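Peer 1: Structure below; questions to follow.
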Amino acid sequence: MKVTLRREPGAEKEIVVRYDVMDDEVHALLELLSLREKRLAVDDGGALRLLDPPEILYCESVDDHTYAYTASGVFGVGQTLSAIAEAFTQLGFLRCSKSMAVNLHAIEALKSGDNGRIFATLANGEHILVSRRYAKALRDRLKGE
Amino acid sequence: MKWFRKLYVWSMNIKLYMAFYFFIIAFAMGIVELISGGDSLKLLTLLEMALACTVIGLMQIVLLNDSVDYSKGIVFGRSVAWVALSTGATVGVALLFGWFTGYPAWSLPAFAAFLLISLTLTLLGLKFEQEADTVYLNENLRKFKQKQ
């Protein structure tokens, strides 16, 4: 891919991506830019869509594929779960198990479980389990530590 | 080696409960011993008690696993099964190793009743702990959402 940087005094910062076919390389570039813009690029039936983090309930990794779950549907994501959790930490995302990162703002209620585990009820009524390994991180995060 | 590691981690996880149950059983046996005019328990009996505590802990892991919700009460199928089976297993161990041989006839039923009540109170303690933690978690969640 050819990269051109042009300095124009007084010009607004702008990124223009020229492409013939929306291939993996363009996808990867847009996903990278979306993380920088604190939005998540997802595959919406073949078209690229940018999700605002508050829309996302949680992200899950299934068989080496990552999916973002919103109230309106499930979307494939090109990024890894770790990359999403790290990029959106400040926006309230937290790794809650080996295969899941949850948006803390999407949690309606929490319930203490046995052996240090925590059950979370999401805005759409779904229940997820925060494993003991990640429960401490959740507790610390909620306390602001 | 993998199974040993798993067993070791499991043992570590239930060690507090095992210690608690050991205290309950040793206390009950101690009271029976005192009333009967004695003032000591055999080391072998203590080891047998530890075995009974392992059985109780194992059944707790199996029957009262992480999905148990005490918010609706402590009396439900698996909790009743745990209390009954734990009491039964401990009484079985006591009979097997003759803990009450030479003691008055009332000592074994009294020991079983004490154990039954203690385990039920343990469930009540777990319920109170879970409820308090749930309130604490939701309060922190509310504060977190307000701050962000």
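By order of appearance in the structure tokens: chains A, B, ..., then residues from 1 within every chain, and ligands from 1 in the order shown.
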Residues of chain B within 10 Å of chain A, counting only C-alpha atoms - could you list those as a ChimeraX atom specification?

Peer 2: /B:13-14,61,64-71,126-127,129-148

Peer 1: Identify all residues of chain A in helix (DSSP H, G or I) (DSSP on the backbone) and supply them as a PyMOL selection string.

Peer 2: chain A and resi 24-36+53-55+81-87+89-91+104-106+114-116+132-142

Peer 1: Using DSSP secondary structure from the backbone, list all strand (DSSP E or B) positions within region 73-114 of chain A, as a VMD selection string.

Peer 2: chain A and resid 74 to 77 93 to 97 100 to 103 107 to 112

Peer 1: Would you give me, as JSON lines, each residue of region 50-89 of chain B having an atom within 12 Å of an atom of region 25-43 of chain B, along with its shortest atom pair and that distance in Å to one decimal, using only C-alpha atoms and sorting by chain and residue number?

Peer 2:
{"residue": "B:Ala50", "atom": "CA", "partner": "B:Ile25", "partner_atom": "CA", "distance": 9.2}
{"residue": "B:Leu51", "atom": "CA", "partner": "B:Ile25", "partner_atom": "CA", "distance": 11.3}
{"residue": "B:Ala52", "atom": "CA", "partner": "B:Ile25", "partner_atom": "CA", "distance": 9.0}
{"residue": "B:Cys53", "atom": "CA", "partner": "B:Ile25", "partner_atom": "CA", "distance": 8.4}
{"residue": "B:Ile56", "atom": "CA", "partner": "B:Ile25", "partner_atom": "CA", "distance": 11.3}
{"residue": "B:Ser86", "atom": "CA", "partner": "B:Ile25", "partner_atom": "CA", "distance": 11.5}
{"residue": "B:Thr87", "atom": "CA", "partner": "B:Ile25", "partner_atom": "CA", "distance": 10.4}

Peer 1: Any idea what's packed within 12 Å of Ser61 (chain A), counting only C-alpha atoms, ignoring anything in its chain fewer than 6 positions away? Could you give it as a ChimeraX atom specification?

Peer 2: /A:67-69,75-85,95-102

Peer 1: With only C-alpha atoms as the counted atoms, please give the residues lying no more than 10 Å from Gly88 (chain B), apart from itself and same-chain residues fewer than 3 positions off, as a list in words.

Peer 2: Ile56, Trp82, Val83, Ala84, Leu85, Val91, Gly92, Val93, Ala94, Ala112, Leu115 and Leu116 of chain B

Peer 1: Would you export the selected residues with N, CA and C atoms as a PDB file, in the first residue's frame, please?

Peer 2:
ATOM      1  N   ILE B  56     -17.058 -33.567  53.393  1.00  0.00           N
ATOM      2  CA  ILE B  56     -18.051 -32.476  53.433  1.00  0.00           C
ATOM      3  C   ILE B  56     -17.683 -31.399  52.401  1.00  0.00           C
ATOM      4  N   TRP B  82     -26.916 -31.537  50.615  1.00  0.00           N
ATOM      5  CA  TRP B  82     -25.571 -31.338  51.171  1.00  0.00           C
ATOM      6  C   TRP B  82     -25.552 -31.505  52.689  1.00  0.00           C
ATOM      7  N   VAL B  83     -26.517 -30.857  53.362  1.00  0.00           N
ATOM      8  CA  VAL B  83     -26.580 -30.956  54.829  1.00  0.00           C
ATOM      9  C   VAL B  83     -26.823 -32.416  55.238  1.00  0.00           C
ATOM     10  N   ALA B  84     -27.784 -33.061  54.567  1.00  0.00           N
ATOM     11  CA  ALA B  84     -28.130 -34.441  54.932  1.00  0.00           C
ATOM     12  C   ALA B  84     -26.963 -35.402  54.647  1.00  0.00           C
ATOM     13  N   LEU B  85     -26.386 -35.273  53.436  1.00  0.00           N
ATOM     14  CA  LEU B  85     -25.292 -36.197  53.076  1.00  0.00           C
ATOM     15  C   LEU B  85     -24.044 -35.954  53.926  1.00  0.00           C
ATOM     16  N   VAL B  91     -21.437 -39.016  60.355  1.00  0.00           N
ATOM     17  CA  VAL B  91     -21.916 -40.033  61.305  1.00  0.00           C
ATOM     18  C   VAL B  91     -21.390 -41.420  60.879  1.00  0.00           C
ATOM     19  N   GLY B  92     -21.370 -41.640  59.563  1.00  0.00           N
ATOM     20  CA  GLY B  92     -20.829 -42.890  59.033  1.00  0.00           C
ATOM     21  C   GLY B  92     -19.368 -43.075  59.397  1.00  0.00           C
ATOM     22  N   VAL B  93     -18.581 -42.002  59.250  1.00  0.00           N
ATOM     23  CA  VAL B  93     -17.155 -42.050  59.614  1.00  0.00           C
ATOM     24  C   VAL B  93     -17.017 -42.298  61.118  1.00  0.00           C
ATOM     25  N   ALA B  94     -17.887 -41.623  61.906  1.00  0.00           N
ATOM     26  CA  ALA B  94     -17.840 -41.788  63.365  1.00  0.00           C
ATOM     27  C   ALA B  94     -18.125 -43.243  63.756  1.00  0.00           C
ATOM     28  N   ALA B 112     -24.897 -35.702  65.873  1.00  0.00           N
ATOM     29  CA  ALA B 112     -25.517 -35.555  64.542  1.00  0.00           C
ATOM     30  C   ALA B 112     -26.400 -34.311  64.495  1.00  0.00           C
ATOM     31  N   LEU B 115     -24.248 -31.208  64.384  1.00  0.00           N
ATOM     32  CA  LEU B 115     -23.657 -31.059  63.038  1.00  0.00           C
ATOM     33  C   LEU B 115     -24.692 -30.537  62.041  1.00  0.00           C
ATOM     34  N   LEU B 116     -25.902 -31.086  62.150  1.00  0.00           N
ATOM     35  CA  LEU B 116     -27.004 -30.678  61.269  1.00  0.00           C
ATOM     36  C   LEU B 116     -27.287 -29.179  61.425  1.00  0.00           C
TER      37      LEU B 116
END

Peer 1: So which one's closest to Leu16 (chain B), B:Gly57, B:Ala81, B:Ser107, B:Ala113? Using only C-alpha atoms, please.

Peer 2: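 Counting only C-alpha atoms, the residue closest to Leu16 (chain B) is B:Gly57.
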
Peer 1: Taking only C-alpha atoms into account, name the residue in A:Ala71, A:Leu94, A:Met22, A:Met1 that is nearest to Gly125 (chain A).

Peer 2: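 Looking at the shortest contact to Gly125 (chain A), the residue is A:Ala71.
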